[in-house]
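Undergrad: A single structure is presented below for examination.
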Amino acid sequence: MGDLLISLLAFIVAISVLVAVHEYGHYIVGRWTGMKVLRFSIGFGKPIVSWVRGKDRTEYCLSAIPLGGYVRFLDGREGPVSPEDQGRAFDHRPVAARIAVLLAGPAFNFLFAILAYWVIFASGVPTLLPAVGEVAPGSHAARAGLQTGDRILAVGNANTGDWETALVGMLDQMISGGDITLTLRNDAGVQRSATLVVGSDAARLTEPGMLFDGLGFVPWQPPAVIANVTPGGAASEVDLVAGDRVIAVAGSPVRTADDLIREVSSRPGETVALQYYRDQELRDVDITIRAETTQQGVIGRIGVAVSSDYGDLAYLRKFGPLAAVSESVEKTWATMTFTVRMLGRMVTGDVSLRNISGPIKIAEYAGDSAARGSREFLTFLALVSISLGILNLLPVPVLDGGQIVFQTVELLKGSPVSERSQILGQQFGIVALILLMSFAFYNDLTG
């Protein structure tokens with residue numbers, strides 16, 4: 001119940017902030033271009049709080065349904081315009097001004113992302129260098145010769161200073177040609193190239209959570225080395241000590257801290273064989289796993305903390321105020337172009353449509369990122385803000401992009417698009433959005 005509440009609150013905060021940014025873009029550029037604003041609302045439905053300000057008597061509202069918002073301009077198509085407001089209605093302003101107002105919403109979403117990334121880069125970003133963990137026998141990775149501990153120096157011609165850059169490069173190469181070319185360096189410092197031949201399997205591997213399983217390797221993680229032992233716990237009763245490296249529980253291999261946690265937590269109350277190394281000597285011991293009740297149910301624990309030392313693979317990237325500006329602009333642009341490429345590949349069938357998320361998944365991501373801290377939540381906001389900006393630029397009549405198409409046609413032909421064409425366009429846009437949202441909900445419920 002607590003996790004659900006956190007996800008719901010984080011989702012409402014995220015949507016409210018990003019919609020406010022988007023609508024403020026429309027609002028402020030509309031005012032700059034001489035349009036009269038009748039209402040600026042965050043949320044839909046009945047206003048909960050409202051106030052009127054300015055010489056135009058603009059109404060500002062916080063409304064009951066916090067899942068969107070809107071700016072309402074004076075518009076001659078909706079009714080007569082008083083003599084004193086002639087020339088200030090949306091449809092009375094020059095086409096260039098209208099297009100500028102429509103572009104301003106997505107533009108402000110992109111500016112928000114730049115600001116969010118600037119805060120993140122200026123405050124410092126914990127960064128993990130990409131390295132290969134366990135490689136599955138017979139997998140694409142194994143056939144390419146990848147080995148545990150290999151550092152990924154580059155994907156194609158692009159250097160990889162972190163896992164995010166490596167993942168984007170791998171996805172790009174995979175959906176473009178089916179092959180992923182990596183530059184690797186092993187523990188001995190020997191550098192080599194390796195090519196993962198994915199071929200027709202590429203589209204399947206673009207499904208959420210499928211990339212590493214499909215390629216056949218996982219990111220490197222520290223081994224399951226005990227950092228400290230809780231007095232009176234199950235581990236202390238069998239004389240486990242800090243520095244012991246666990247390699248198996250109940251016959252199941254344990255290579256990382258996550259492996260140890262998974263194997264132990266799934267066996268509450270069981271007595272199992274545990275294998276470990278101490279000073280390069282292999283030892284065995286039978287241990288009775290304690291059963292503990294948590295919010296997630298009954299889980300097993302043995303009373304140890306496991307080391308999370310990534311060595312020289314982990315470092316803190318921090319930029320000065322000016323350097324953070326260029327870095328945040330570059331990051332926003334890279335994310336925008338990658339998102340557009342992925343959308344295009346979805347249309348051609350090269351990328352799985354299961355990557356389309358609806359409000360349920362977005363709420364889960366919001367809650368998870370909020371629980372991990374302000375930096376992660378800010379990163380989530382930046383990503384969703386970019387997605388919101390790109391979505392609104394799609395040429396669908398009920399979105400900003402579709403309205404920009406109508407305005408551009410009017411600019412070219414010298415007269416407005418016919419009312420019938422606009423109505424047909426609106427109907428098409430509504431149907432398209434309903435289908436898209438239905439598909440997103442389906443992915444949320446079946447994913």
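Starting from 1 in every chain, residues are counted up; chains themselves are A, B, ... following the order of the structure tokens, and ligands are numbered from 1 as listed.
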Find the residues around Gly169 of chain A up to 10 Å (only C-alpha atoms counted), leave out those fewer than 4 positions away in its own chain, and share them as a list in words.

TA: Ala154, Val155, Gly156, Asn157, Ala158, Asn159, Thr160, Trp163, Glu164, Thr165, Gln173, Met174, Ile180, Thr181, Leu182 and Phe338 of chain A

Undergrad: Output N, CA and C atoms for every residue in that selection, as a short mmCIF file (atom, residue, chain, number, x, y, z; two decimals), in the first residue's frame.

TA:
data_model
loop_
_atom_site.label_atom_id
_atom_site.label_comp_id
_atom_site.auth_asym_id
_atom_site.auth_seq_id
_atom_site.Cartn_x
_atom_site.Cartn_y
_atom_site.Cartn_z
N ALA A 154 34.22 0.87 -26.46
CA ALA A 154 33.49 1.56 -27.52
C ALA A 154 32.46 0.63 -28.13
N VAL A 155 31.39 1.24 -28.62
CA VAL A 155 30.39 0.52 -29.42
C VAL A 155 30.42 1.15 -30.80
N GLY A 156 30.81 0.38 -31.80
CA GLY A 156 31.06 0.96 -33.11
C GLY A 156 32.23 1.93 -33.00
N ASN A 157 32.03 3.16 -33.46
CA ASN A 157 33.08 4.19 -33.38
C ASN A 157 32.90 5.12 -32.20
N ALA A 158 31.87 4.88 -31.36
CA ALA A 158 31.56 5.80 -30.25
C ALA A 158 32.14 5.27 -28.95
N ASN A 159 32.97 6.08 -28.28
CA ASN A 159 33.52 5.69 -26.99
C ASN A 159 32.40 5.61 -25.95
N THR A 160 32.56 4.71 -24.98
CA THR A 160 31.53 4.50 -23.97
C THR A 160 32.09 4.80 -22.59
N TRP A 163 27.44 3.16 -18.75
CA TRP A 163 26.57 2.11 -19.26
C TRP A 163 25.46 2.65 -20.15
N GLU A 164 24.95 3.84 -19.84
CA GLU A 164 23.86 4.40 -20.65
C GLU A 164 24.31 4.61 -22.09
N THR A 165 25.51 5.19 -22.27
CA THR A 165 26.05 5.40 -23.62
C THR A 165 26.24 4.07 -24.34
N GLN A 173 22.97 0.12 -33.00
CA GLN A 173 23.61 -0.79 -33.96
C GLN A 173 22.75 -2.01 -34.24
N MET A 174 22.13 -2.52 -33.20
CA MET A 174 21.35 -3.75 -33.36
C MET A 174 20.15 -3.57 -34.27
N ILE A 180 26.37 -5.98 -33.52
CA ILE A 180 26.89 -5.04 -32.53
C ILE A 180 28.39 -5.22 -32.45
N THR A 181 29.14 -4.19 -32.82
CA THR A 181 30.60 -4.25 -32.80
C THR A 181 31.12 -3.54 -31.55
N LEU A 182 31.87 -4.28 -30.73
CA LEU A 182 32.39 -3.75 -29.47
C LEU A 182 33.91 -3.73 -29.50
N PHE A 338 17.58 9.97 -30.17
CA PHE A 338 17.43 8.54 -29.95
C PHE A 338 15.95 8.17 -29.85
#

Undergrad: Residues of segment 72-160 of chain A within 8 Å of segment 218-238 of chain A: nearest atom pair and distance (Å, one decimal) for each, counting only C-alpha atoms, sorted by chain and number, as a Markdown table?

TA:
| residue | atom | partner | partner_atom | distance |
| --- | --- | --- | --- | --- |
| A:Pro130 | CA | A:Pro219 | CA | 7.0 |
| A:Ala131 | CA | A:Trp220 | CA | 5.4 |
| A:Val132 | CA | A:Trp220 | CA | 5.0 |
| A:Gly133 | CA | A:Trp220 | CA | 3.6 |
| A:Glu134 | CA | A:Val218 | CA | 5.8 |
| A:Val135 | CA | A:Val218 | CA | 6.9 |
| A:Thr148 | CA | A:Trp220 | CA | 7.4 |
| A:Gly149 | CA | A:Trp220 | CA | 6.8 |

Undergrad: Which residue out of A:Phe44, A:Trp32, A:Phe121, A:Tyr24 has the minimum interatomic distance to Phe108 of chain A when only C-alpha atoms are used?

TA: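 The answer is A:Tyr24, which sits nearest to Phe108 of chain A.
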
Undergrad: Name the residues in contact with segment 406-411 of chain A at a cut-off of 12 Å, using only C-alpha atoms, excluding same-chain residues fewer than 3 positions from it; report them as number ranges by chain.

TA: A: 90-91, 93-103, 395-403, 414-419, 421-423, 425-426

Undergrad: Take the residues from that selection and put them in a file with C-alpha atoms, as a JSON list (two decimals), in the first residue's frame.

TA:
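Dumped to out_19.json:
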[["chain", "number", "residue", "atom", "x", "y", "z"],
["A", 90, "PHE", "CA", -5.63, 33.35, -31.57],
["A", 91, "ASP", "CA", -7.04, 33.13, -35.11],
["A", 93, "ARG", "CA", -2.81, 36.81, -35.07],
["A", 94, "PRO", "CA", -0.34, 36.10, -37.92],
["A", 95, "VAL", "CA", 0.21, 32.45, -38.78],
["A", 96, "ALA", "CA", 3.86, 32.71, -37.72],
["A", 97, "ALA", "CA", 2.73, 33.83, -34.24],
["A", 98, "ARG", "CA", 0.31, 30.90, -33.97],
["A", 99, "ILE", "CA", 3.00, 28.41, -34.98],
["A", 100, "ALA", "CA", 5.37, 29.95, -32.43],
["A", 101, "VAL", "CA", 2.75, 29.47, -29.69],
["A", 102, "LEU", "CA", 2.17, 25.85, -30.70],
["A", 103, "LEU", "CA", 5.90, 25.12, -30.79],
["A", 395, "PRO", "CA", 1.41, 15.36, -36.79],
["A", 396, "VAL", "CA", -1.82, 14.22, -35.11],
["A", 397, "PRO", "CA", -4.56, 16.90, -35.32],
["A", 398, "VAL", "CA", -5.44, 16.95, -31.59],
["A", 399, "LEU", "CA", -1.76, 17.50, -30.69],
["A", 400, "ASP", "CA", 0.42, 20.57, -31.18],
["A", 401, "GLY", "CA", 2.11, 18.94, -34.19],
["A", 402, "GLY", "CA", -1.20, 18.45, -35.98],
["A", 403, "GLN", "CA", -2.23, 22.05, -35.34],
["A", 414, "GLY", "CA", -3.30, 31.79, -48.01],
["A", 415, "SER", "CA", -6.56, 30.71, -46.36],
["A", 416, "PRO", "CA", -7.55, 28.54, -43.40],
["A", 417, "VAL", "CA", -8.07, 24.80, -43.76],
["A", 418, "SER", "CA", -11.78, 24.12, -44.32],
["A", 419, "GLU", "CA", -13.91, 23.43, -41.26],
["A", 421, "SER", "CA", -11.17, 19.05, -43.02],
["A", 422, "GLN", "CA", -10.41, 20.20, -39.50],
["A", 423, "ILE", "CA", -13.31, 18.18, -38.07],
["A", 425, "GLY", "CA", -8.66, 15.62, -38.77],
["A", 426, "GLN", "CA", -9.80, 16.00, -35.16]]

Undergrad: Skipping near chain neighbours, those fewer than 2 positions away, what residues fall within 10 Å of Met336 of chain A using only C-alpha atoms, listed as a list in words?

TA: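 Within the cut-off, the hits are Phe110, Glu330, Lys331, Thr332, Trp333, Ala334, Phe338, Thr339, Val340, Arg341, Met342, Leu383, Ile386, Ser387, Gly389 and Ile390 of chain A.
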
Undergrad: Excluding same-chain residues fewer than 4 positions from Arg290 of chain A, what lies within 12 Å of it counting only C-alpha atoms, as a list in words?

TA: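 Final neighbour list, sorted by chain and number: Gly232, Gly233, Ala234, Ala235, Glu237, Val264, Ser265, Ser266, Arg267, Pro268, Gly269, Glu270, Thr271, Val272, Val298, Ile299, Gly300, Arg301, Ile302, Gly303 and Val304 of chain A.
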
Undergrad: Please, which residues of segment 202-339 of chain A, numbered as in this document, come out strand (DSSP E) from DSSP, as a PyMOL selection string?

TA: chain A and resi 217-219+226-229+245-249+252-253+271-278+281-288+290-294+297-301+304-306+314-317

Undergrad: With N, CA and C atoms retained, export the selected residues as a short mmCIF file (atom, residue, chain, number, x, y, z; two decimals), in the first residue's frame.

TA:
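selection-v6.cif, freshly written:
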data_model
loop_
_atom_site.label_atom_id
_atom_site.label_comp_id
_atom_site.auth_asym_id
_atom_site.auth_seq_id
_atom_site.Cartn_x
_atom_site.Cartn_y
_atom_site.Cartn_z
N PHE A 217 24.61 -11.90 -21.78
CA PHE A 217 25.54 -11.49 -20.73
C PHE A 217 24.86 -10.45 -19.86
N VAL A 218 25.44 -10.23 -18.70
CA VAL A 218 24.91 -9.22 -17.77
C VAL A 218 26.02 -8.23 -17.43
N PRO A 219 25.67 -7.02 -17.02
CA PRO A 219 26.70 -6.08 -16.57
C PRO A 219 27.47 -6.64 -15.37
N ILE A 226 31.36 -11.04 1.68
CA ILE A 226 30.71 -10.57 2.90
C ILE A 226 31.47 -9.36 3.46
N ALA A 227 30.74 -8.27 3.70
CA ALA A 227 31.35 -7.06 4.25
C ALA A 227 31.32 -7.08 5.77
N ASN A 228 30.20 -7.50 6.36
CA ASN A 228 30.13 -7.66 7.81
C ASN A 228 29.03 -8.66 8.17
N VAL A 229 29.14 -9.19 9.36
CA VAL A 229 28.23 -10.23 9.84
C VAL A 229 27.49 -9.72 11.06
N ARG A 245 33.95 -15.12 0.47
CA ARG A 245 33.26 -14.94 -0.81
C ARG A 245 32.39 -16.15 -1.09
N VAL A 246 31.09 -15.94 -1.08
CA VAL A 246 30.13 -17.01 -1.29
C VAL A 246 30.06 -17.33 -2.78
N ILE A 247 30.09 -18.63 -3.12
CA ILE A 247 30.04 -19.03 -4.53
C ILE A 247 28.85 -19.92 -4.85
N ALA A 248 28.16 -20.46 -3.82
CA ALA A 248 27.00 -21.30 -4.09
C ALA A 248 26.11 -21.39 -2.86
N VAL A 249 24.79 -21.46 -3.10
CA VAL A 249 23.79 -21.68 -2.05
C VAL A 249 22.87 -22.78 -2.54
N SER A 252 23.13 -23.86 -6.10
CA SER A 252 22.94 -22.85 -7.14
C SER A 252 24.13 -21.90 -7.14
N PRO A 253 24.74 -21.67 -8.30
CA PRO A 253 25.91 -20.78 -8.35
C PRO A 253 25.57 -19.37 -7.89
N THR A 271 17.35 -25.27 5.64
CA THR A 271 18.76 -25.53 5.95
C THR A 271 19.43 -25.96 4.65
N VAL A 272 20.44 -25.21 4.23
CA VAL A 272 21.04 -25.42 2.91
C VAL A 272 22.56 -25.49 3.03
N ALA A 273 23.18 -26.07 2.00
CA ALA A 273 24.64 -26.08 1.91
C ALA A 273 25.11 -24.76 1.31
N LEU A 274 26.11 -24.16 1.91
CA LEU A 274 26.68 -22.91 1.42
C LEU A 274 28.17 -23.11 1.18
N GLN A 275 28.61 -22.78 -0.03
CA GLN A 275 30.03 -22.87 -0.38
C GLN A 275 30.63 -21.48 -0.45
N TYR A 276 31.88 -21.36 0.06
CA TYR A 276 32.53 -20.05 0.05
C TYR A 276 34.05 -20.23 0.06
N TYR A 277 34.72 -19.15 -0.36
CA TYR A 277 36.18 -19.11 -0.31
C TYR A 277 36.62 -18.23 0.86
N ARG A 278 37.63 -18.71 1.61
CA ARG A 278 38.28 -17.89 2.62
C ARG A 278 39.78 -18.05 2.42
N GLU A 281 40.86 -20.69 0.05
CA GLU A 281 40.53 -22.06 0.42
C GLU A 281 39.02 -22.26 0.30
N LEU A 282 38.59 -23.30 -0.45
CA LEU A 282 37.16 -23.59 -0.63
C LEU A 282 36.63 -24.29 0.61
N ARG A 283 35.52 -23.76 1.15
CA ARG A 283 34.91 -24.34 2.34
C ARG A 283 33.42 -24.58 2.12
N ASP A 284 32.85 -25.51 2.93
CA ASP A 284 31.42 -25.82 2.88
C ASP A 284 30.87 -25.72 4.29
N VAL A 285 29.59 -25.29 4.38
CA VAL A 285 28.94 -25.24 5.68
C VAL A 285 27.43 -25.35 5.45
N ASP A 286 26.74 -26.01 6.38
CA ASP A 286 25.27 -26.03 6.36
C ASP A 286 24.76 -24.88 7.21
N ILE A 287 23.82 -24.13 6.66
CA ILE A 287 23.30 -22.95 7.35
C ILE A 287 21.78 -22.95 7.29
N THR A 288 21.15 -22.62 8.42
CA THR A 288 19.69 -22.52 8.48
C THR A 288 19.29 -21.07 8.26
N ARG A 290 17.16 -17.86 8.28
CA ARG A 290 16.07 -17.33 9.11
C ARG A 290 14.92 -16.84 8.23
N ALA A 291 13.71 -16.98 8.75
CA ALA A 291 12.52 -16.46 8.06
C ALA A 291 12.11 -15.15 8.73
N GLU A 292 11.98 -14.09 7.93
CA GLU A 292 11.57 -12.79 8.45
C GLU A 292 10.40 -12.25 7.65
N THR A 293 9.45 -11.63 8.37
CA THR A 293 8.27 -11.07 7.73
C THR A 293 8.52 -9.61 7.38
N THR A 294 8.33 -9.26 6.13
CA THR A 294 8.52 -7.89 5.65
C THR A 294 7.26 -7.45 4.89
N GLY A 297 6.36 -9.77 2.22
CA GLY A 297 6.03 -11.13 2.62
C GLY A 297 7.16 -11.74 3.43
N VAL A 298 7.14 -13.06 3.57
CA VAL A 298 8.17 -13.77 4.33
C VAL A 298 9.36 -14.05 3.42
N ILE A 299 10.54 -13.61 3.85
CA ILE A 299 11.76 -13.82 3.06
C ILE A 299 12.85 -14.41 3.95
N GLY A 300 13.88 -14.96 3.31
CA GLY A 300 14.99 -15.54 4.05
C GLY A 300 16.13 -14.55 4.24
N ARG A 301 16.77 -14.62 5.40
CA ARG A 301 17.95 -13.79 5.68
C ARG A 301 18.94 -14.58 6.52
N VAL A 304 23.94 -10.98 6.95
CA VAL A 304 25.20 -10.46 6.44
C VAL A 304 24.93 -9.24 5.57
N ALA A 305 25.92 -8.38 5.46
CA ALA A 305 25.93 -7.31 4.46
C ALA A 305 27.00 -7.67 3.45
N VAL A 306 26.69 -7.44 2.18
CA VAL A 306 27.59 -7.84 1.10
C VAL A 306 28.28 -6.62 0.52
N ALA A 314 33.73 2.43 -10.92
CA ALA A 314 32.79 3.45 -10.45
C ALA A 314 33.53 4.74 -10.13
N TYR A 315 32.95 5.86 -10.56
CA TYR A 315 33.53 7.16 -10.24
C TYR A 315 32.44 8.22 -10.28
N LEU A 316 32.76 9.41 -9.78
CA LEU A 316 31.80 10.52 -9.76
C LEU A 316 32.17 11.52 -10.85
N ARG A 317 31.26 11.72 -11.80
CA ARG A 317 31.46 12.75 -12.83
C ARG A 317 30.83 14.05 -12.36
#

Undergrad: Give me, as a VMD selection string, all polymer residues having an atom no more than 9 Å from Trp51 of chain A, counting only C-alpha atoms and skipping those fewer than 4 positions away in the same chain.

TA: chain A and resid 58 to 61

Undergrad: Quick one: pull the distance between atom CA of Ser63 of chain A and atom CA of Ile48 of chain A, Å, one decimal.

TA: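 If I compute the distance from atom CA of Ser63 of chain A to atom CA of Ile48 of chain A, I get 5.1 Å.
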